[in-house]
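The file data14.cif comes next; it holds mmCIF, C-alpha atoms and all ligand atoms.
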data_query
loop_
_atom_site.group_PDB
_atom_site.id
_atom_site.type_symbol
_atom_site.label_atom_id
_atom_site.label_comp_id
_atom_site.auth_asym_id
_atom_site.auth_seq_id
_atom_site.Cartn_x
_atom_site.Cartn_y
_atom_site.Cartn_z
ATOM 1 C CA MET F 720 164.199 37.985 136.540
ATOM 2 C CA GLY F 721 162.898 36.998 139.997
ATOM 3 C CA ILE F 722 161.200 33.723 140.725
ATOM 4 C CA PHE F 723 157.768 35.290 140.615
ATOM 5 C CA SER F 724 156.643 38.014 138.316
ATOM 6 C CA ASN F 725 153.308 39.781 138.189
ATOM 7 C CA ASN F 726 151.194 40.685 135.204
ATOM 8 C CA SER F 727 152.689 44.090 134.644
ATOM 9 C CA ASN F 728 155.900 42.159 133.849
ATOM 10 C CA SER F 729 158.364 44.846 134.958
ATOM 11 C CA ASN F 730 157.924 44.392 138.724
ATOM 12 C CA ASP F 731 159.364 41.127 139.887
ATOM 13 C CA ILE F 732 158.054 39.972 143.224
ATOM 14 C CA ASP F 733 160.083 37.781 145.511
ATOM 15 C CA ILE F 734 157.324 36.559 147.773
ATOM 16 C CA SER F 735 159.777 35.093 150.289
ATOM 17 C CA LYS F 736 160.914 38.629 151.148
ATOM 18 C CA ILE F 737 157.584 40.281 151.897
ATOM 19 C CA LYS F 738 155.372 40.312 154.968
ATOM 20 C CA LEU F 739 152.550 37.861 154.337
ATOM 21 C CA PRO F 740 149.107 37.972 155.922
ATOM 22 C CA GLU F 741 148.842 35.326 158.609
ATOM 23 C CA HIS F 742 145.216 34.768 157.647
ATOM 24 C CA LEU F 743 144.126 35.298 154.051
ATOM 25 C CA GLY F 744 140.493 35.210 152.943
ATOM 26 C CA ILE F 745 139.354 34.907 149.342
ATOM 27 C CA ILE F 746 135.827 35.359 148.005
ATOM 28 C CA MET F 747 135.995 33.054 144.992
ATOM 29 C CA ASP F 748 133.707 35.021 142.700
ATOM 30 C CA GLY F 749 133.078 35.355 138.970
ATOM 31 C CA ASN F 750 132.632 31.759 137.805
ATOM 32 C CA GLY F 751 129.241 32.431 136.211
ATOM 33 C CA ARG F 752 130.409 35.494 134.273
ATOM 34 C CA TRP F 753 133.504 33.626 133.101
ATOM 35 C CA ALA F 754 131.262 30.909 131.603
ATOM 36 C CA LYS F 755 128.805 33.397 130.124
ATOM 37 C CA LYS F 756 131.591 35.248 128.326
ATOM 38 C CA ARG F 757 132.437 31.972 126.602
ATOM 39 C CA GLY F 758 128.848 31.013 125.821
ATOM 40 C CA LEU F 759 129.078 28.111 128.293
ATOM 41 C CA PRO F 760 126.683 27.020 131.052
ATOM 42 C CA ARG F 761 127.443 28.442 134.521
ATOM 43 C CA SER F 762 128.462 24.964 135.651
ATOM 44 C CA ALA F 763 131.462 25.163 133.298
ATOM 45 C CA GLY F 764 132.538 28.262 135.224
ATOM 46 C CA HIS F 765 132.334 26.343 138.495
ATOM 47 C CA LYS F 766 134.443 23.555 137.023
ATOM 48 C CA ALA F 767 137.094 26.041 135.934
ATOM 49 C CA GLY F 768 136.831 27.777 139.323
ATOM 50 C CA ALA F 769 137.460 24.476 141.092
ATOM 51 C CA SER F 770 140.697 24.133 139.170
ATOM 52 C CA THR F 771 141.807 27.632 140.250
ATOM 53 C CA PHE F 772 140.881 26.686 143.793
ATOM 54 C CA ARG F 773 143.317 23.731 143.680
ATOM 55 C CA THR F 774 146.170 25.823 142.285
ATOM 56 C CA ILE F 775 145.740 28.718 144.691
ATOM 57 C CA THR F 776 145.306 26.502 147.764
ATOM 58 C CA ARG F 777 148.515 24.651 146.952
ATOM 59 C CA TYR F 778 150.377 27.872 146.290
ATOM 60 C CA CYS F 779 149.247 29.464 149.574
ATOM 61 C CA SER F 780 150.436 26.416 151.472
ATOM 62 C CA ASP F 781 153.775 26.467 149.615
ATOM 63 C CA ILE F 782 154.534 30.122 150.334
ATOM 64 C CA GLY F 783 153.723 29.773 154.026
ATOM 65 C CA ILE F 784 150.252 31.231 154.531
ATOM 66 C CA LYS F 785 149.114 29.905 157.931
ATOM 67 C CA HIS F 786 145.340 30.294 157.581
ATOM 68 C CA LEU F 787 143.479 30.406 154.294
ATOM 69 C CA THR F 788 139.713 30.886 154.219
ATOM 70 C CA LEU F 789 137.973 30.359 150.913
ATOM 71 C CA TYR F 790 134.357 31.392 150.466
ATOM 72 C CA ALA F 791 132.900 28.559 148.409
ATOM 73 C CA PHE F 792 129.154 28.668 149.063
ATOM 74 C CA SER F 793 127.085 31.209 150.971
ATOM 75 C CA THR F 794 123.853 30.788 152.926
ATOM 76 C CA GLU F 795 122.257 32.864 150.141
ATOM 77 C CA ASN F 796 123.573 30.720 147.283
ATOM 78 C CA TRP F 797 120.802 28.148 147.827
ATOM 79 C CA SER F 798 118.523 30.522 145.910
ATOM 80 C CA ARG F 799 120.269 29.569 142.636
ATOM 81 C CA PRO F 800 118.704 27.192 140.076
ATOM 82 C CA LYS F 801 118.803 23.515 141.038
ATOM 83 C CA ALA F 802 121.020 22.565 138.102
ATOM 84 C CA GLU F 803 123.657 25.030 139.285
ATOM 85 C CA ILE F 804 123.473 23.822 142.907
ATOM 86 C CA ASP F 805 123.794 20.220 141.686
ATOM 87 C CA ALA F 806 126.882 21.100 139.662
ATOM 88 C CA LEU F 807 128.454 22.830 142.667
ATOM 89 C CA MET F 808 127.755 19.818 144.906
ATOM 90 C CA LYS F 809 129.360 17.601 142.294
ATOM 91 C CA TYR F 810 132.577 19.655 142.265
ATOM 92 C CA PHE F 811 132.678 19.895 146.066
ATOM 93 C CA LYS F 812 132.357 16.131 146.213
ATOM 94 C CA GLN F 813 135.057 15.590 143.611
ATOM 95 C CA TYR F 814 137.507 17.757 145.492
ATOM 96 C CA LEU F 815 136.823 16.154 148.867
ATOM 97 C CA GLU F 816 137.190 12.658 147.410
ATOM 98 C CA GLU F 817 140.408 13.658 145.733
ATOM 99 C CA ALA F 818 141.720 15.162 148.991
ATOM 100 C CA LEU F 819 141.109 11.856 150.787
ATOM 101 C CA ARG F 820 142.576 9.760 148.011
ATOM 102 C CA ASP F 821 145.550 11.785 146.785
ATOM 103 C CA PHE F 822 146.654 14.129 149.552
ATOM 104 C CA LEU F 823 147.208 11.686 152.372
ATOM 105 C CA ASP F 824 150.732 12.866 153.109
ATOM 106 C CA ASP F 825 149.702 16.512 152.899
ATOM 107 C CA THR F 826 150.300 18.967 155.746
ATOM 108 C CA VAL F 827 147.143 21.010 155.110
ATOM 109 C CA LYS F 828 144.486 20.844 157.785
ATOM 110 C CA ILE F 829 140.937 21.156 156.448
ATOM 111 C CA LYS F 830 138.109 22.790 158.368
ATOM 112 C CA PHE F 831 134.598 23.759 157.338
ATOM 113 C CA LEU F 832 133.032 27.048 158.320
ATOM 114 C CA GLY F 833 129.250 27.062 158.106
ATOM 115 C CA ASP F 834 126.223 24.920 158.801
ATOM 116 C CA ILE F 835 127.143 21.730 156.998
ATOM 117 C CA SER F 836 123.957 19.951 158.118
ATOM 118 C CA ALA F 837 122.259 21.432 155.040
ATOM 119 C CA PHE F 838 124.404 19.401 152.613
ATOM 120 C CA PRO F 839 123.553 15.934 151.266
ATOM 121 C CA GLU F 840 124.678 13.101 153.544
ATOM 122 C CA ASP F 841 127.416 11.802 151.196
ATOM 123 C CA LEU F 842 129.003 15.236 151.096
ATOM 124 C CA ARG F 843 128.753 15.632 154.868
ATOM 125 C CA GLU F 844 130.459 12.304 155.320
ATOM 126 C CA LEU F 845 133.323 13.456 153.077
ATOM 127 C CA MET F 846 133.571 16.697 155.047
ATOM 128 C CA ARG F 847 133.773 14.839 158.347
ATOM 129 C CA LYS F 848 136.397 12.439 156.982
ATOM 130 C CA ASN F 849 138.521 15.247 155.601
ATOM 131 C CA GLU F 850 138.443 17.053 158.938
ATOM 132 C CA GLU F 851 139.241 13.824 160.728
ATOM 133 C CA VAL F 852 142.205 12.681 158.631
ATOM 134 C CA SER F 853 143.745 16.148 158.592
ATOM 135 C CA ALA F 854 143.085 17.038 162.240
ATOM 136 C CA ASP F 855 146.642 16.380 163.465
ATOM 137 C CA ARG F 856 148.455 18.037 160.576
ATOM 138 C CA ASN F 857 150.563 21.058 161.347
ATOM 139 C CA GLY F 858 150.624 22.949 158.035
ATOM 140 C CA MET F 859 148.263 25.574 156.684
ATOM 141 C CA ILE F 860 144.710 25.584 158.000
ATOM 142 C CA LEU F 861 142.381 25.588 155.012
ATOM 143 C CA ASN F 862 138.971 26.871 156.051
ATOM 144 C CA LEU F 863 136.302 26.133 153.493
ATOM 145 C CA ALA F 864 133.328 28.422 154.038
ATOM 146 C CA MET F 865 130.376 26.370 152.860
ATOM 147 C CA ASN F 866 126.798 27.238 153.618
ATOM 148 C CA TYR F 867 128.494 30.055 155.440
ATOM 149 C CA GLY F 868 126.984 33.428 156.219
ATOM 150 C CA GLY F 869 128.467 35.971 158.588
ATOM 151 C CA ARG F 870 125.035 36.874 159.956
ATOM 152 C CA ALA F 871 123.977 33.257 160.451
ATOM 153 C CA GLU F 872 127.263 32.663 162.265
ATOM 154 C CA LEU F 873 126.533 35.546 164.639
ATOM 155 C CA VAL F 874 122.954 34.367 165.194
ATOM 156 C CA ASN F 875 124.333 30.963 166.258
ATOM 157 C CA ALA F 876 126.843 32.569 168.570
ATOM 158 C CA PHE F 877 124.242 34.800 170.215
ATOM 159 C CA ARG F 878 121.843 31.878 170.641
ATOM 160 C CA LYS F 879 124.538 29.829 172.314
ATOM 161 C CA LEU F 880 125.383 32.663 174.710
ATOM 162 C CA ALA F 881 121.703 33.423 175.407
ATOM 163 C CA GLN F 882 121.182 29.768 176.257
ATOM 164 C CA GLU F 883 124.041 29.850 178.755
ATOM 165 C CA VAL F 884 122.654 33.022 180.299
ATOM 166 C CA ALA F 885 119.170 31.451 180.528
ATOM 167 C CA GLU F 886 120.638 28.428 182.280
ATOM 168 C CA GLY F 887 122.418 30.646 184.759
ATOM 169 C CA GLU F 888 125.855 29.555 183.557
ATOM 170 C CA LEU F 889 126.859 32.918 182.155
ATOM 171 C CA SER F 890 126.428 36.469 183.356
ATOM 172 C CA PRO F 891 125.587 39.046 180.640
ATOM 173 C CA ASP F 892 128.418 41.200 181.998
ATOM 174 C CA SER F 893 130.980 38.606 181.051
ATOM 175 C CA ILE F 894 130.017 38.690 177.369
ATOM 176 C CA ASP F 895 132.888 40.424 175.637
ATOM 177 C CA GLU F 896 134.501 40.463 172.187
ATOM 178 C CA SER F 897 136.738 37.495 172.824
ATOM 179 C CA LEU F 898 133.842 35.396 174.112
ATOM 180 C CA ILE F 899 131.842 36.158 170.971
ATOM 181 C CA SER F 900 134.889 35.329 168.796
ATOM 182 C CA SER F 901 135.184 31.995 170.594
ATOM 183 C CA CYS F 902 131.617 31.093 169.571
ATOM 184 C CA LEU F 903 132.282 31.591 165.842
ATOM 185 C CA TYR F 904 133.320 28.943 163.312
ATOM 186 C CA THR F 905 136.800 30.496 163.275
ATOM 187 C CA ALA F 906 137.272 30.057 167.054
ATOM 188 C CA GLY F 907 140.946 29.873 167.943
ATOM 189 C CA GLN F 908 142.141 31.311 164.636
ATOM 190 C CA PRO F 909 143.365 34.863 164.091
ATOM 191 C CA ASP F 910 141.134 37.370 162.284
ATOM 192 C CA PRO F 911 141.775 37.705 158.544
ATOM 193 C CA ASP F 912 144.466 40.248 157.689
ATOM 194 C CA LEU F 913 143.682 40.418 153.998
ATOM 195 C CA ILE F 914 140.515 39.624 152.055
ATOM 196 C CA ILE F 915 140.725 39.383 148.285
ATOM 197 C CA ARG F 916 137.681 39.564 146.051
ATOM 198 C CA PRO F 917 138.191 38.844 142.375
ATOM 199 C CA SER F 918 135.547 39.664 139.754
ATOM 200 C CA GLY F 919 135.481 43.375 140.520
ATOM 201 C CA GLU F 920 132.671 43.388 143.079
ATOM 202 C CA TYR F 921 133.035 45.852 145.954
ATOM 203 C CA ARG F 922 131.068 44.058 148.664
ATOM 204 C CA THR F 923 131.513 41.523 151.433
ATOM 205 C CA SER F 924 128.465 39.374 150.545
ATOM 206 C CA ASN F 925 128.203 38.211 154.165
ATOM 207 C CA PHE F 926 131.808 36.954 154.442
ATOM 208 C CA LEU F 927 133.485 36.954 157.881
ATOM 209 C CA LEU F 928 131.496 39.973 159.068
ATOM 210 C CA TRP F 929 132.725 39.980 162.662
ATOM 211 C CA GLN F 930 136.244 38.790 161.922
ATOM 212 C CA SER F 931 136.924 41.302 159.139
ATOM 213 C CA ALA F 932 136.615 44.411 161.341
ATOM 214 C CA TYR F 933 140.211 45.398 160.521
ATOM 215 C CA ALA F 934 140.912 43.258 157.476
ATOM 216 C CA GLU F 935 142.537 44.896 154.477
ATOM 217 C CA TYR F 936 140.494 44.529 151.287
ATOM 218 C CA TYR F 937 141.872 43.968 147.825
ATOM 219 C CA ILE F 938 139.533 43.918 144.830
ATOM 220 C CA ASP F 939 140.794 42.414 141.589
ATOM 221 C CA ASP F 940 138.902 42.720 138.301
ATOM 222 C CA VAL F 941 139.894 39.284 137.076
ATOM 223 C CA LEU F 942 137.241 36.533 137.256
ATOM 224 C CA TRP F 943 138.049 33.643 139.622
ATOM 225 C CA PRO F 944 138.638 30.976 136.919
ATOM 226 C CA ASP F 945 141.301 33.284 135.411
ATOM 227 C CA TYR F 946 142.908 34.047 138.775
ATOM 228 C CA THR F 947 146.585 33.066 138.925
ATOM 229 C CA LYS F 948 149.492 33.000 141.373
ATOM 230 C CA GLU F 949 150.667 36.214 139.730
ATOM 231 C CA HIS F 950 147.418 37.983 140.648
ATOM 232 C CA LEU F 951 147.835 36.751 144.183
ATOM 233 C CA ASN F 952 151.464 37.876 144.327
ATOM 234 C CA LYS F 953 150.396 41.344 143.294
ATOM 235 C CA ALA F 954 147.749 41.498 146.035
ATOM 236 C CA LEU F 955 150.235 40.190 148.609
ATOM 237 C CA LEU F 956 152.799 42.774 147.597
ATOM 238 C CA GLU F 957 150.297 45.585 147.918
ATOM 239 C CA TYR F 958 149.156 44.247 151.279
ATOM 240 C CA SER F 959 152.744 44.197 152.525
ATOM 241 C CA LYS F 960 153.013 47.924 151.818
ATOM 242 C CA ARG F 961 149.802 48.982 153.492
ATOM 243 C CA ASN F 962 149.851 50.877 156.739
ATOM 244 C CA ARG F 963 147.439 49.213 159.145
ATOM 245 C CA ARG F 964 146.559 51.547 161.951
ATOM 246 C CA PHE F 965 143.808 49.684 163.843
ATOM 247 C CA GLY F 966 142.382 53.020 164.930
ATOM 248 C CA GLY F 967 145.717 54.307 166.194
ATOM 249 C CA VAL F 968 147.949 56.900 164.563
HETATM 250 C C1 LIG T 1001 131.294 32.215 142.614
HETATM 251 O O1 LIG T 1001 130.996 32.543 141.308
HETATM 252 C C2 LIG T 1001 130.859 30.818 143.003
HETATM 253 C C3 LIG T 1001 129.764 30.798 143.977
HETATM 254 C C4 LIG T 1001 129.154 31.809 144.479
HETATM 255 C C5 LIG T 1001 129.306 29.489 144.398
HETATM 256 P P1 LIG T 1001 129.549 33.010 140.886
HETATM 257 O O2 LIG T 1001 128.748 31.788 140.560
HETATM 258 O O3 LIG T 1001 128.939 33.904 141.887
HETATM 259 O O4 LIG T 1001 129.872 33.799 139.553
HETATM 260 P P2 LIG T 1001 129.242 35.197 139.097
HETATM 261 O O5 LIG T 1001 129.451 36.158 140.203
HETATM 262 O O6 LIG T 1001 127.793 34.932 138.821
HETATM 263 O O7 LIG T 1001 130.007 35.551 137.879
HETATM 264 C C1 LIG T 1002 129.748 35.436 147.315
HETATM 265 O O1 LIG T 1002 129.505 35.542 145.954
HETATM 266 C C2 LIG T 1002 129.706 34.007 147.744
HETATM 267 C C3 LIG T 1002 130.768 33.161 147.244
HETATM 268 C C4 LIG T 1002 131.740 33.521 146.452
HETATM 269 C C5 LIG T 1002 130.715 31.801 147.696
HETATM 270 P P1 LIG T 1002 128.053 35.800 145.361
HETATM 271 O O2 LIG T 1002 128.198 35.794 143.898
HETATM 272 O O3 LIG T 1002 127.084 34.867 145.963
HETATM 273 O O4 LIG T 1002 127.730 37.257 145.913
HETATM 274 P P2 LIG T 1002 126.802 38.389 145.308
HETATM 275 O O5 LIG T 1002 125.462 37.780 145.031
HETATM 276 O O6 LIG T 1002 127.463 38.886 144.075
HETATM 277 O O7 LIG T 1002 126.778 39.456 146.368
HETATM 278 MG MG MG T 1003 129.031 35.914 142.160
#
Output the file's structure in the form of structure tokens.
Amino acid sequence: MGIFSNNSNSNDIDISKIKLPEHLGIIMDGNGRWAKKRGLPRSAGHKAGASTFRTITRYCSDIGIKHLTLYAFSTENWSRPKAEIDALMKYFKQYLEEALRDFLDDTVKIKFLGDISAFPEDLRELMRKNEEVSADRNGMILNLAMNYGGRAELVNAFRKLAQEVAEGELSPDSIDESLISSCLYTAGQPDPDLIIRPSGEYRTSNFLLWQSAYAEYYIDDVLWPDYTKEHLNKALLEYSKRNRRFGGV
């Protein structure tokens, strides 16, 4: 029996022996359906999802993932009922308070991807503090995509470049792929190698549109609150066997 085993029980996975993605993205989806299946309010699904979030973040840091991006709240999620938004804000706040209180000797560096100006001031303050206290850490970079949308991110980048062109600081000819990448929230970080979406949905839902040009996708049927290290191991193992060609042969 290896240290890690997946759900199909026969295949043991020794994660220390496989090629890991340098940057892993996860679309944390399925909280609402998880709650509905149990006759619970959607907020109960978000609470359970927050617990999975803690476990998986810790595990990714332990196994040596360098960049982890978790999609927590999209620019489109504001269209949900107020009670659901309030519950989500409550769990975001709880986690960020806990991170400041309990994880002070952690190595994880926290960053936020998205327009955080839309969040309530107390939450923004917690976001700033978490970025501040973790800024000099040298472990995994945990990117929390909150009020994030791939299109909104590109709109911001193009506006910034257009402004520089208008001010005569930038020539249109010098706009290239790396310049656009440097204007995104993920500036300075590698593109995601693997993006996992639990809950069985086959879509990006506006996640890392530019950065995912050559990302490998892995869809898992399990709902996020039920997602375990074993599900992740299975995805990582499959990723390690994929042949990435990047347009070559
Ligand atoms: C993901 O779960 C959490 C957020 C989008 C904030 P959902 O709330 O989308 O759950 P489903 O997809 O409705 O089951
Ligand atoms: C994507 O999930 C956003 C997050 C997980 C934060 P959604 O549940 O919002 O996406 P759709 O509506 O199914 O495309
Ligand atoms: Mg969903």
Using only C-alpha atoms and all ligand atoms, can you tell me which of F:Arg757, F:Arg799, F:His786, F:Lys738 comes closest to ligand LIG 1001 (chain T)?
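The shortest atom-to-atom distance to ligand LIG 1001 (chain T) comes from F:Arg799.
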Show which residues sit within 12 Å of Gly907 (chain F), as a PDB file with C-alpha atoms, in the frame of the given file. Count only C-alpha atoms, and ignore same-chain residues fewer than 2 positions away.
ATOM      1  CA  HIS F 786     145.340  30.294 157.581  1.00  0.00           C
ATOM      2  CA  ILE F 860     144.710  25.584 158.000  1.00  0.00           C
ATOM      3  CA  SER F 897     136.738  37.495 172.824  1.00  0.00           C
ATOM      4  CA  LEU F 898     133.842  35.396 174.112  1.00  0.00           C
ATOM      5  CA  ILE F 899     131.842  36.158 170.971  1.00  0.00           C
ATOM      6  CA  SER F 900     134.889  35.329 168.796  1.00  0.00           C
ATOM      7  CA  SER F 901     135.184  31.995 170.594  1.00  0.00           C
ATOM      8  CA  CYS F 902     131.617  31.093 169.571  1.00  0.00           C
ATOM      9  CA  LEU F 903     132.282  31.591 165.842  1.00  0.00           C
ATOM     10  CA  TYR F 904     133.320  28.943 163.312  1.00  0.00           C
ATOM     11  CA  THR F 905     136.800  30.496 163.275  1.00  0.00           C
ATOM     12  CA  PRO F 909     143.365  34.863 164.091  1.00  0.00           C
ATOM     13  CA  ASP F 910     141.134  37.370 162.284  1.00  0.00           C
ATOM     14  CA  GLN F 930     136.244  38.790 161.922  1.00  0.00           C
TER      15      GLN F 930
END
Got a sec to resolve the PyMOL selection byres (((chain F and resi 835-838) around 10) and not hetatm) on this structure and send the residues as a VMD selection string?
chain F and resid 794 797 808 831 to 834 839 to 844 846 to 847 864 to 867
Show me which residues sit within 8 Å of ligand LIG 1002 (chain T) when counting only C-alpha atoms and all ligand atoms, and put them as a list in words.
Ile746, Met747, Asp748, Gly749, Tyr790, Ala791, Phe792, Ser793, Glu795, Asn796, Ala864, Met865, Glu920, Arg922, Thr923, Ser924, Asn925 and Phe926 of chain F
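Between Ser762 (chain F) and the residues F:Tyr778, F:Phe965, F:Tyr810, F:Trp929, the shortest atom-to-atom distance, using all atoms listed in the file, involves F:Tyr810.
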List the neighbours of region 817-829 of chain F out to 12 Å using all atoms listed in the file; skip same-chain residues closer than 6 positions along the sequence, and give me the result as a ChimeraX atom specification.
/F:773,776-781,783-789,810-811,844-864
Of the candidates F:Gly966, F:His742, F:Lys960, F:Trp943, which shows the shortest atom-to-atom distance to ligand LIG 1001 (chain T), using all atoms listed in the file?
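Checking each of F:Gly966, F:His742, F:Lys960, F:Trp943 against ligand LIG 1001 (chain T), counting all atoms listed in the file, the winner is F:Trp943.
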Hey, can you check how far atom C5 of ligand LIG 1001 (chain T) sits from CA of His765 (chain F)?
7.3 Å
Of the candidates F:Pro740, F:Gly869, F:Pro891, F:Gly758, which shows the shortest atom-to-atom distance to Leu928 (chain F), using all atoms listed in the file?
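Closest to Leu928 (chain F) of all the choices is F:Gly869.
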Between CA of Arg961 (chain F) and CA of Glu935 (chain F), measure the distance and give it in Å to one decimal.
8.4 Å
Local residues around (141.6, 35.7, 146.6), at most 7 Å away, using only C-alpha atoms, as a ChimeraX atom specification:
/F:744-747,914-917,951
Between CA of Ala954 (chain F) and CA of Tyr921 (chain F), what is the spacing in Å?
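CA of Ala954 (chain F) lies 15.3 Å from CA of Tyr921 (chain F).
Considering all atoms listed in the file, the residue among F:Ile938, F:Ala871, F:Ile894, F:Leu759 positioned nearest to Lys953 (chain F) is F:Ile938.
If you measure from each of F:Leu880, F:Ala802, F:Leu807, F:Ala932 to Gly764 (chain F) using all atoms listed in the file, the closest one turns out to be F:Leu807.
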For region 756-767 of chain F, I'd like the enclosing box, axis-aligned and padded by 6 Å on every side, reported as AutoDock Vina command-line options with centre and edge lengths in Å to one decimal.
--center_x 131.9 --center_y 29.4 --center_z 132.2 --size_x 22.4 --size_y 23.7 --size_z 24.7
